[in-house]
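J.: Structure incoming, see below.
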Amino acid sequence: MGLNEKPLSTLHEKASYDLADFDVPTGREEAWRFTPLSRLKGLHSGKAEATGQLVVQAFTPSGVSAEWVGREDPRIGRAYVPADRVSAQAYNAFEKALVITVPKEATPDGHITVELRGGGADGASYGHIVVVVEPLAEAVVVIEHQGSAVYADNIEFVVGDGASLKVVSLQDWEDDAVHVSHHHAQLAKDATFRSFVVTLGGDLVRLSPSVSYTGPGGDADLAGVYFVDAGQHLEHRLLVDHSQPHCKSNVDYRGALQGEDAHAVWIGDVIIRVEAEGTDTYELNRNLILTDGARADSVPNLEILTGEVAGAGHASTSGRLDDEHIFYLQARGIPFDEARRLVIRGFLGQLIERIEIEEIRERVMSAVEAELAR
Amino acid sequence: MSTLEIRDLQVAVEDKEILRGVNLTVRSGETHAIMGPNGSGKSTLAYAIAGHPKYTITGGQVLLDGVDLLELSVDERARAGLFLAMQYPVEVPGVSVSNFLRSAVTAVRGEAPKLREFAKDLKNGMDALSIDAAFAQRNLNEGFSGGEKKRHEILQLELLKPKIAVLDETDSGLDVDALRVVSEGINRFRASGDTGVLLITHYTRILRYVKPDFVHVFAGGRIVEEGGPELADKLESEGYEQYTKATA
């Protein structure tokens with residue numbers, strides 16, 4: 001490598017709108033080695049025909065627009081280029097895209113809700129959503145996935161100069177749902193992005209939130225909570241690509257697993273490129289394994305290509321309930337089951353309490369309670 | 001009137017014998033001090049009675065009003081009226097003090113306390129122990145100083161009102177002010193009703209604030225000498241040396 005050549009990242013270099021640029025995964029690829037391809041219902045192989053019943057509805061406060069547009073709309077694909085086979089499949093298969101726009105300097109009263117309700121896991125559905133938050137505007141988006149579906153989609157969050165976007169994405173699918181999704185946020189100068197992902201339902205959910213920066217001063221916070229029951233495969237693949245100076249990112253994902261063949265996968269990739277001086281980043285994944293037969297794979301990757309970082313770190317822990325915690329609570333008369341619930345609720349609740357919208361926070365907490373009661 | 005009766009208790013940790021036949025009876029209204037050098041098995045006695053999974057009972061009985069505690073789970077023992085104030089209370093992330101205390105009080109009383117009554121009891125209890133009101137919203141023992149942890153243990157003691165309280169080195173790591181506050185809490189508890197206290201300590205200092213009726217010297221996993229408060233004075237001047245030599 002000569003002095004004039006910049007080192008390149010080895011992570012996520014491939015991106016294309018063209019499906020033909022991606023081979024059908026075999027499971028041996030790094031990006032697919034954890035995902036049980038046989039349960040994808042053909043989303044990865046081109047065999048999943050778009051005959052599914054998925055209804056998407058947007059509810060917007062005044063001042064925010066929501067439009068259904070055709071594939072040729074210039075706002076589609078500007079911030080995000082598909083990075084894997086299923087993403088490219090979704091990009092090439094959706095019919096209409098939902099474009100939500102929060103105008104410049106707008107601070108809408110109330111949050112935007114996008115409801116996706118699947119009507120069955122027989123046929124597949126493909127989708128595309130673009131959320132544009134124009135400069136200095138502030139918005140909150142709640143995305144709710146419910147019902148049953150085989151669904152692949154891409155969501156682009158375009159956050160303008162000095163703008164702020166908070167997103168809560170709730171994957172509360174029925175037991176047989178299959179969902180493969182990319183959430184990409186592009187942050188302009190001084191933009192703030194807060195993502196909170198909650199994945200509880202579905203047979204297989206593979207969600208890949210990613211962040212890129214187009215100007216300095218961007219600040220991204222990606223939090224996630226998941227609860228994996230017997231037989232479920234819940235996978236989260238994070239990518240934060242620091243290509244601009246003086247940006248921040250923080251990733252904190254926590255999950256609890258219980259039951260035979262409950263499988264959680266967390267991949268946390270952070271790239272700090274040569275030009276991203278003064279980057280401050282931290283990523284954390286913690287798994288609480290409640291029973292035998294459950295498995296958590298947790299792989300943080302931090303790739304630093306510059307010598308000038310403000311802070312960079314990662315941590316990953318997977319463990320069982322702490323006997324000392326349980327003993328302490330039981331020694332105060334609290335029965336084992338309740339002690340266990342208190343500890344798990346505390347573990348996930350520390351993150352959940354960061355959701356600012358009370359109504360959503362309570363919904364997430366009660367959804368977790370329902371999981372604990374199973 | 002309650003009685004805790006420890007009969008020939010033998011306890012091992014990972015196949016290593018720690019307690020070699022402990023006999024001790026604590027009746028309500030009585031305060032017993034167990035004193036002994038480090039490693040004599042004092043804390044093992046406390047944790048074994050409470051049912052910590054690390055300790056294996058290899059023989060003997062622990063009866064609370066005739067019920068063998070060793071047959072009960074940890075939480076059942078607590079609900080039967082046993083309390084252990086721990087030497088090193090653990091931090092439990094994400095569980096608030098108020099939520100924890102309400103759960104504990106509900107479990108021990110068998111019904112949820114009325115919210116207003118509970119809030120009042122909690123506030124009074126915290127005031128008496130000079131615990132800041134903001135404390136209730138903090139996570140259990142997380143970031144608490146040594147003194148805060150011990151005051152919080154005594155707060156639980158006063159709220160849960162057990163029949164028999166085992167206090168494991170509650171005085172360790174406390175400065176004089178905190179020791180006084182904690183001792184006053186223990187004395188309020190003693191005065192509040194028919195309760196017995198088993199106070200485990202390495203130092204005689206706390207016994208100037210909490211007067212014991214009986215003093216037991218622990219060495220080599222058993223009680224080697226018993227007496228009244230005067231035994232503590234003897235230990236104060238002579239130390240444990242004679243006992244450690246005898247069991248070595």
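Following the order of the structure tokens, chains are lettered A, B, ..., residues in each are numbered from 1, and ligands are numbered from 1.
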Do me a favour and pick out the residues of chain A within 12 Å of chain B, using only C-alpha atoms, as a PyMOL selection string.
T.: chain A and resi 321-353
J.: Kindly indicate which residue among B:Leu207, B:Val181, B:Met126, B:Ala112 lies nearest to Glu169 in chain B, using only C-alpha atoms for the distances.
T.: B:Leu207
J.: Write out as an mmCIF file with N, CA, C and O atoms, in the first residue's frame each polymer residue whose atoms come within 9 Å of Leu170 in chain A, counting only C-alpha atoms; drop sequence neighbours fewer than 5 positions from it.
T.:
data_model
loop_
_atom_site.group_PDB
_atom_site.id
_atom_site.type_symbol
_atom_site.label_atom_id
_atom_site.label_comp_id
_atom_site.auth_asym_id
_atom_site.auth_seq_id
_atom_site.Cartn_x
_atom_site.Cartn_y
_atom_site.Cartn_z
ATOM 1 N N VAL A 142 -43.014 6.095 14.518
ATOM 2 C CA VAL A 142 -43.219 4.781 15.123
ATOM 3 C C VAL A 142 -43.630 3.816 14.019
ATOM 4 O O VAL A 142 -44.593 4.070 13.297
ATOM 5 N N ILE A 143 -42.866 2.754 13.857
ATOM 6 C CA ILE A 143 -43.163 1.761 12.827
ATOM 7 C C ILE A 143 -43.578 0.477 13.531
ATOM 8 O O ILE A 143 -42.820 -0.058 14.346
ATOM 9 N N GLU A 144 -44.789 0.017 13.221
ATOM 10 C CA GLU A 144 -45.282 -1.181 13.913
ATOM 11 C C GLU A 144 -45.538 -2.295 12.927
ATOM 12 O O GLU A 144 -46.279 -2.116 11.972
ATOM 13 N N HIS A 145 -44.928 -3.431 13.193
ATOM 14 C CA HIS A 145 -45.144 -4.617 12.354
ATOM 15 C C HIS A 145 -45.987 -5.619 13.122
ATOM 16 O O HIS A 145 -45.606 -6.028 14.212
ATOM 17 N N GLN A 146 -47.107 -5.994 12.534
ATOM 18 C CA GLN A 146 -47.996 -6.939 13.220
ATOM 19 C C GLN A 146 -48.553 -7.952 12.238
ATOM 20 O O GLN A 146 -48.422 -7.791 11.023
ATOM 21 N N PHE A 196 -34.800 3.076 18.006
ATOM 22 C CA PHE A 196 -35.081 2.093 19.059
ATOM 23 C C PHE A 196 -35.826 0.926 18.426
ATOM 24 O O PHE A 196 -36.934 1.075 17.940
ATOM 25 N N VAL A 197 -35.183 -0.208 18.423
ATOM 26 C CA VAL A 197 -35.732 -1.388 17.769
ATOM 27 C C VAL A 197 -36.204 -2.369 18.838
ATOM 28 O O VAL A 197 -35.484 -2.629 19.804
ATOM 29 N N VAL A 198 -37.416 -2.850 18.681
ATOM 30 C CA VAL A 198 -37.941 -3.853 19.614
ATOM 31 C C VAL A 198 -38.407 -5.057 18.799
ATOM 32 O O VAL A 198 -39.332 -4.942 18.011
ATOM 33 N N THR A 199 -37.748 -6.179 18.961
ATOM 34 C CA THR A 199 -38.117 -7.352 18.175
ATOM 35 C C THR A 199 -38.557 -8.477 19.114
ATOM 36 O O THR A 199 -37.772 -8.937 19.946
ATOM 37 N N LEU A 200 -39.813 -8.852 18.987
ATOM 38 C CA LEU A 200 -40.365 -9.855 19.895
ATOM 39 C C LEU A 200 -40.927 -11.052 19.140
ATOM 40 O O LEU A 200 -40.747 -12.188 19.532
ATOM 41 N N VAL A 364 -44.242 -1.140 24.902
ATOM 42 C CA VAL A 364 -43.072 -2.015 24.804
ATOM 43 C C VAL A 364 -42.889 -2.779 26.112
ATOM 44 O O VAL A 364 -42.657 -3.992 26.123
#
J.: Hey, which of B:Tyr88, B:Ile206, B:Leu122, B:Gly29 ends up closest to Ser183 in chain B? Count only C-alpha atoms.
T.: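 Smallest distance to Ser183 in chain B is found for B:Ile206.
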J.: Smallest atom-to-atom distance to Val130 in chain A: which of A:Val178, A:Gly147, A:Ser65, A:Arg194, using only C-alpha atoms?
T.: A:Ser65
J.: Please, what distance in Å, to one decimal, runs between CA of Glu230 in chain B and CA of Leu167 in chain B?
T.: 20.8 Å
J.: What is the CA of Glu71 in chain B to CA of Asp8 in chain B distance in Å?
T.: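 Calculated distance between CA of Glu71 in chain B and CA of Asp8 in chain B is 15.7 Å.
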J.: Interatomic distance between CA of Gly202 in chain A and CA of Lys96 in chain A?
T.: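 Separating CA of Gly202 in chain A from CA of Lys96 in chain A is a distance of 24.5 Å.
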J.: Which residues are close to Lys163 in chain B, i.e. within 9 Å by only C-alpha atoms, leaving aside same-chain residues fewer than 5 positions away? Reply as a list of chain:residue names.
T.: B:Met1, B:Ser2, B:Thr3, B:Leu4, B:Ser28, B:Leu64, B:Ala80, B:Gly81, B:Leu82, B:Phe83, B:Gly193, B:Asp194, B:Thr195, B:Gly196, B:Val197
J.: Can I get the selected residues back with N, CA, C and O atoms, as an mmCIF file, in the first residue's frame?
T.:
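part-v5.cif, freshly written:
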data_model
loop_
_atom_site.group_PDB
_atom_site.id
_atom_site.type_symbol
_atom_site.label_atom_id
_atom_site.label_comp_id
_atom_site.auth_asym_id
_atom_site.auth_seq_id
_atom_site.Cartn_x
_atom_site.Cartn_y
_atom_site.Cartn_z
ATOM 1 N N MET B 1 -43.903 -14.769 70.498
ATOM 2 C CA MET B 1 -42.678 -15.402 70.986
ATOM 3 C C MET B 1 -42.142 -16.383 69.941
ATOM 4 O O MET B 1 -42.828 -17.322 69.545
ATOM 5 N N SER B 2 -40.931 -16.112 69.448
ATOM 6 C CA SER B 2 -40.338 -16.985 68.443
ATOM 7 C C SER B 2 -38.992 -17.517 68.912
ATOM 8 O O SER B 2 -38.321 -16.894 69.733
ATOM 9 N N THR B 3 -38.644 -18.664 68.353
ATOM 10 C CA THR B 3 -37.361 -19.265 68.703
ATOM 11 C C THR B 3 -36.656 -19.777 67.459
ATOM 12 O O THR B 3 -37.256 -20.491 66.651
ATOM 13 N N LEU B 4 -35.417 -19.398 67.311
ATOM 14 C CA LEU B 4 -34.572 -19.969 66.267
ATOM 15 C C LEU B 4 -33.611 -20.934 66.955
ATOM 16 O O LEU B 4 -32.864 -20.543 67.847
ATOM 17 N N SER B 28 -37.001 -14.625 70.836
ATOM 18 C CA SER B 28 -37.361 -13.223 70.630
ATOM 19 C C SER B 28 -37.145 -12.461 71.930
ATOM 20 O O SER B 28 -37.318 -12.991 73.028
ATOM 21 N N LEU B 64 -37.141 -22.781 63.035
ATOM 22 C CA LEU B 64 -37.759 -21.513 63.425
ATOM 23 C C LEU B 64 -39.174 -21.845 63.882
ATOM 24 O O LEU B 64 -40.003 -22.266 63.070
ATOM 25 N N ALA B 80 -41.129 -17.076 56.229
ATOM 26 C CA ALA B 80 -41.362 -17.699 57.540
ATOM 27 C C ALA B 80 -40.926 -16.780 58.682
ATOM 28 O O ALA B 80 -41.244 -17.034 59.839
ATOM 29 N N GLY B 81 -40.170 -15.720 58.338
ATOM 30 C CA GLY B 81 -39.806 -14.757 59.381
ATOM 31 C C GLY B 81 -38.319 -14.600 59.630
ATOM 32 O O GLY B 81 -37.910 -14.034 60.638
ATOM 33 N N LEU B 82 -37.512 -15.088 58.689
ATOM 34 C CA LEU B 82 -36.063 -14.959 58.838
ATOM 35 C C LEU B 82 -35.570 -13.799 57.971
ATOM 36 O O LEU B 82 -36.040 -13.598 56.853
ATOM 37 N N PHE B 83 -34.639 -13.053 58.494
ATOM 38 C CA PHE B 83 -34.056 -11.964 57.709
ATOM 39 C C PHE B 83 -32.542 -12.023 57.831
ATOM 40 O O PHE B 83 -32.005 -12.223 58.914
ATOM 41 N N GLY B 193 -40.890 -5.055 68.930
ATOM 42 C CA GLY B 193 -41.757 -6.211 69.201
ATOM 43 C C GLY B 193 -40.972 -7.424 69.610
ATOM 44 O O GLY B 193 -39.827 -7.327 70.044
ATOM 45 N N ASP B 194 -41.603 -8.547 69.415
ATOM 46 C CA ASP B 194 -41.006 -9.811 69.798
ATOM 47 C C ASP B 194 -40.047 -10.293 68.729
ATOM 48 O O ASP B 194 -40.392 -11.118 67.890
ATOM 49 N N THR B 195 -38.840 -9.782 68.762
ATOM 50 C CA THR B 195 -37.904 -10.149 67.725
ATOM 51 C C THR B 195 -36.572 -10.559 68.330
ATOM 52 O O THR B 195 -36.175 -10.054 69.360
ATOM 53 N N GLY B 196 -35.931 -11.464 67.660
ATOM 54 C CA GLY B 196 -34.612 -11.887 68.106
ATOM 55 C C GLY B 196 -33.558 -11.439 67.110
ATOM 56 O O GLY B 196 -33.838 -11.332 65.914
ATOM 57 N N VAL B 197 -32.373 -11.166 67.635
ATOM 58 C CA VAL B 197 -31.299 -10.692 66.764
ATOM 59 C C VAL B 197 -30.058 -11.549 66.968
ATOM 60 O O VAL B 197 -29.653 -11.823 68.091
#
J.: Rank A:Ala264, A:Val24, A:Ala139, A:Val99 by their smallest atom-to-atom distance to Ser45 in chain A, using only C-alpha atoms, and report the top residue only.
T.: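 Looking at the shortest contact to Ser45 in chain A, the residue is A:Val24.
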J.: Set the distance at 12 Å and use only C-alpha atoms: which residues neighbour Val158 in chain A once local chain neighbours fewer than 2 positions away are removed? I'd like the list as number ranges by chain.
T.: A: 75-80, 99-103, 129-135, 137, 139, 155-156, 160-166, 183-189, 191-193, 211-214
J.: Find the residues near Phe189 in chain B: any atom within 9 Å, counting only C-alpha atoms, skip ones fewer than 2 places away on the same chain, and give them as a ChimeraX atom specification.
T.: /B:154,157-158,161,184-187,191-193,195
J.: Take the selection from the previous step and output its residues with all heavy atoms, as a tab-separated table (two decimals), in the first residue's frame.
T.:
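Saved file part26.tsv follows:
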chain	number	residue	atom	x	y	z
B	154	ILE	N	-30.80	-2.14	56.73
B	154	ILE	CA	-31.55	-1.92	57.98
B	154	ILE	C	-32.95	-1.37	57.67
B	154	ILE	O	-33.92	-1.70	58.36
B	154	ILE	CB	-30.76	-0.99	58.93
B	154	ILE	CG1	-29.41	-1.63	59.28
B	154	ILE	CG2	-31.56	-0.72	60.21
B	154	ILE	CD1	-29.49	-3.05	59.82
B	157	LEU	N	-34.90	-4.31	57.04
B	157	LEU	CA	-35.17	-4.97	58.32
B	157	LEU	C	-36.40	-4.34	58.99
B	157	LEU	O	-37.30	-5.04	59.46
B	157	LEU	CB	-33.93	-4.84	59.22
B	157	LEU	CG	-34.07	-5.28	60.67
B	157	LEU	CD1	-34.22	-6.79	60.76
B	157	LEU	CD2	-32.87	-4.81	61.50
B	158	GLU	N	-36.43	-3.03	59.00
B	158	GLU	CA	-37.53	-2.34	59.69
B	158	GLU	C	-38.85	-2.48	58.94
B	158	GLU	O	-39.91	-2.51	59.55
B	158	GLU	CB	-37.17	-0.86	59.89
B	158	GLU	CG	-36.02	-0.69	60.89
B	158	GLU	CD	-35.90	0.75	61.38
B	158	GLU	OE1	-36.75	1.14	62.20
B	158	GLU	OE2	-34.98	1.46	60.93
B	161	LYS	N	-39.97	-6.50	59.18
B	161	LYS	CA	-40.32	-6.95	60.53
B	161	LYS	C	-40.25	-8.47	60.71
B	161	LYS	O	-41.25	-9.13	61.00
B	161	LYS	CB	-41.74	-6.48	60.88
B	161	LYS	CG	-41.92	-4.97	60.84
B	161	LYS	CD	-43.34	-4.59	61.21
B	161	LYS	CE	-43.55	-3.11	61.35
B	161	LYS	NZ	-43.10	-2.28	60.20
B	184	GLU	N	-28.94	2.58	65.75
B	184	GLU	CA	-30.25	3.07	66.19
B	184	GLU	C	-31.37	2.32	65.48
B	184	GLU	O	-32.40	2.02	66.08
B	184	GLU	CB	-30.37	4.59	65.92
B	184	GLU	CG	-29.59	5.43	66.92
B	184	GLU	CD	-29.48	6.89	66.48
B	184	GLU	OE1	-30.11	7.27	65.45
B	184	GLU	OE2	-28.74	7.64	67.15
B	185	GLY	N	-31.15	2.05	64.20
B	185	GLY	CA	-32.15	1.28	63.43
B	185	GLY	C	-32.33	-0.10	64.01
B	185	GLY	O	-33.46	-0.59	64.18
B	186	ILE	N	-31.22	-0.74	64.34
B	186	ILE	CA	-31.29	-2.08	64.92
B	186	ILE	C	-32.01	-2.03	66.27
B	186	ILE	O	-32.85	-2.88	66.59
B	186	ILE	CB	-29.87	-2.69	65.08
B	186	ILE	CG1	-29.21	-2.82	63.71
B	186	ILE	CG2	-29.93	-4.04	65.80
B	186	ILE	CD1	-27.72	-3.15	63.78
B	187	ASN	N	-31.72	-1.02	67.05
B	187	ASN	CA	-32.35	-0.88	68.37
B	187	ASN	C	-33.84	-0.59	68.25
B	187	ASN	O	-34.64	-1.09	69.05
B	187	ASN	CB	-31.65	0.21	69.18
B	187	ASN	CG	-30.27	-0.26	69.66
B	187	ASN	OD1	-30.05	-1.47	69.83
B	187	ASN	ND2	-29.34	0.66	69.84
B	191	ALA	N	-36.76	-2.96	69.72
B	191	ALA	CA	-37.78	-2.43	70.63
B	191	ALA	C	-39.19	-2.57	70.06
B	191	ALA	O	-40.18	-2.41	70.77
B	191	ALA	CB	-37.49	-0.95	70.93
B	192	SER	N	-39.27	-2.88	68.75
B	192	SER	CA	-40.56	-2.83	68.08
B	192	SER	C	-41.45	-4.03	68.37
B	192	SER	O	-42.64	-4.03	68.05
B	192	SER	CB	-40.37	-2.70	66.57
B	192	SER	OG	-39.81	-3.90	66.08
B	193	GLY	N	-40.89	-5.06	68.93
B	193	GLY	CA	-41.76	-6.21	69.20
B	193	GLY	C	-40.97	-7.42	69.61
B	193	GLY	O	-39.83	-7.33	70.04
B	195	THR	N	-38.84	-9.78	68.76
B	195	THR	CA	-37.90	-10.15	67.73
B	195	THR	C	-36.57	-10.56	68.33
B	195	THR	O	-36.17	-10.05	69.36
B	195	THR	CB	-37.65	-8.95	66.79
B	195	THR	OG1	-37.22	-7.85	67.60
B	195	THR	CG2	-38.90	-8.57	66.04
J.: To test your reading of the structure, identify every residue in range 153-215 of chain B that backbone DSSP assigns to strand (DSSP E or B), and report it as an MDAnalysis selection string.
T.: chainID B and resid 164:168 196:201 214:215
J.: From a DSSP pass on the backbone, collect the residues of range 39-219 of chain B flagged as alpha helix (DSSP H) and hand them back as a PyMOL selection string.
T.: chain B and resi 42-50+74-80+97-109+115-128+146-160+176-191
J.: Would you list the contacts of range 50-64 of chain A as a list in words, taking every protein, DNA or RNA residue within 8 Å and counting only C-alpha atoms, but skipping same-chain residues closer than 2 positions in sequence?
T.: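 So the residues in contact are Ala48, Ala66, Ala93, Ile100, Thr101, Val102, Pro103, Ala106, Pro108, Asp109, Gly110, His111, Ile112, Thr113, Val114, Glu115, Leu116, Arg117, Gly118, Gly119, Gly120, Ala121, Asp122, Gly123, Ala124, Ser125, Tyr126, Ala149 and Val150 of chain A.
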J.: Using only N, CA and C atoms, please write the residues we just selected to a file, as a CSV table (one decimal), in the first residue's frame.
T.:
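See selection10.csv below for the written result:
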chain,number,residue,atom,x,y,z
A,48,ALA,N,-39.7,-16.2,-3.9
A,48,ALA,CA,-40.9,-15.8,-3.1
A,48,ALA,C,-41.7,-14.8,-3.9
A,66,ALA,N,-47.5,12.3,3.6
A,66,ALA,CA,-47.2,10.9,3.3
A,66,ALA,C,-47.8,10.6,1.9
A,93,ALA,N,-38.4,-5.4,-6.3
A,93,ALA,CA,-39.8,-6.0,-6.3
A,93,ALA,C,-40.9,-5.1,-5.8
A,100,ILE,N,-42.5,9.8,3.2
A,100,ILE,CA,-43.0,10.7,4.3
A,100,ILE,C,-42.0,11.9,4.4
A,101,THR,N,-42.5,13.1,4.4
A,101,THR,CA,-41.7,14.3,4.4
A,101,THR,C,-42.0,15.2,5.5
A,102,VAL,N,-41.0,15.5,6.3
A,102,VAL,CA,-41.2,16.5,7.4
A,102,VAL,C,-40.5,17.8,6.9
A,103,PRO,N,-41.3,18.9,6.6
A,103,PRO,CA,-40.6,20.0,5.9
A,103,PRO,C,-39.6,20.7,6.8
A,106,ALA,N,-39.9,22.2,10.5
A,106,ALA,CA,-41.1,21.8,11.1
A,106,ALA,C,-40.9,21.0,12.4
A,108,PRO,N,-43.6,18.9,14.1
A,108,PRO,CA,-45.0,18.4,14.1
A,108,PRO,C,-45.4,18.1,15.5
A,109,ASP,N,-46.7,18.3,15.7
A,109,ASP,CA,-47.3,18.0,17.0
A,109,ASP,C,-47.7,16.5,17.0
A,110,GLY,N,-47.0,15.7,17.7
A,110,GLY,CA,-47.3,14.3,17.7
A,110,GLY,C,-46.4,13.5,16.8
A,111,HIS,N,-46.5,12.2,16.9
A,111,HIS,CA,-45.6,11.4,16.1
A,111,HIS,C,-46.3,10.8,14.9
A,112,ILE,N,-45.4,10.4,14.0
A,112,ILE,CA,-45.9,9.8,12.7
A,112,ILE,C,-45.9,8.3,13.0
A,113,THR,N,-47.0,7.6,12.6
A,113,THR,CA,-47.1,6.2,12.8
A,113,THR,C,-47.2,5.5,11.4
A,114,VAL,N,-46.4,4.5,11.2
A,114,VAL,CA,-46.5,3.6,10.0
A,114,VAL,C,-46.9,2.2,10.5
A,115,GLU,N,-48.1,1.8,10.1
A,115,GLU,CA,-48.6,0.5,10.6
A,115,GLU,C,-48.4,-0.5,9.5
A,116,LEU,N,-47.8,-1.6,9.7
A,116,LEU,CA,-47.7,-2.7,8.7
A,116,LEU,C,-48.4,-3.9,9.3
A,117,ARG,N,-49.5,-4.4,8.6
A,117,ARG,CA,-50.2,-5.5,9.1
A,117,ARG,C,-50.2,-6.6,8.1
A,118,GLY,N,-49.6,-7.7,8.4
A,118,GLY,CA,-49.6,-8.8,7.5
A,118,GLY,C,-50.9,-9.7,7.6
A,119,GLY,N,-51.3,-10.1,6.4
A,119,GLY,CA,-52.6,-10.9,6.4
A,119,GLY,C,-52.3,-12.4,6.2
A,120,GLY,N,-51.1,-12.9,6.4
A,120,GLY,CA,-50.8,-14.3,6.2
A,120,GLY,C,-49.4,-14.5,5.7
A,121,ALA,N,-48.9,-15.7,6.0
A,121,ALA,CA,-47.5,-16.0,5.6
A,121,ALA,C,-47.5,-16.8,4.3
A,122,ASP,N,-48.5,-16.8,3.5
A,122,ASP,CA,-48.6,-17.6,2.3
A,122,ASP,C,-47.7,-17.0,1.1
A,123,GLY,N,-47.9,-15.8,0.7
A,123,GLY,CA,-47.1,-15.2,-0.3
A,123,GLY,C,-46.2,-14.1,0.3
A,124,ALA,N,-45.3,-13.7,-0.5
A,124,ALA,CA,-44.3,-12.7,0.0
A,124,ALA,C,-44.8,-11.2,-0.3
A,125,SER,N,-44.2,-10.3,0.5
A,125,SER,CA,-44.5,-8.9,0.2
A,125,SER,C,-43.2,-8.2,0.2
A,126,TYR,N,-43.1,-7.1,-0.6
A,126,TYR,CA,-41.9,-6.3,-0.7
A,126,TYR,C,-42.3,-4.8,-0.5
A,149,ALA,N,-46.6,-12.4,8.0
A,149,ALA,CA,-46.2,-12.0,6.6
A,149,ALA,C,-44.9,-12.7,6.3
A,150,VAL,N,-44.5,-12.7,5.0
A,150,VAL,CA,-43.2,-13.0,4.5
A,150,VAL,C,-42.8,-11.7,3.8
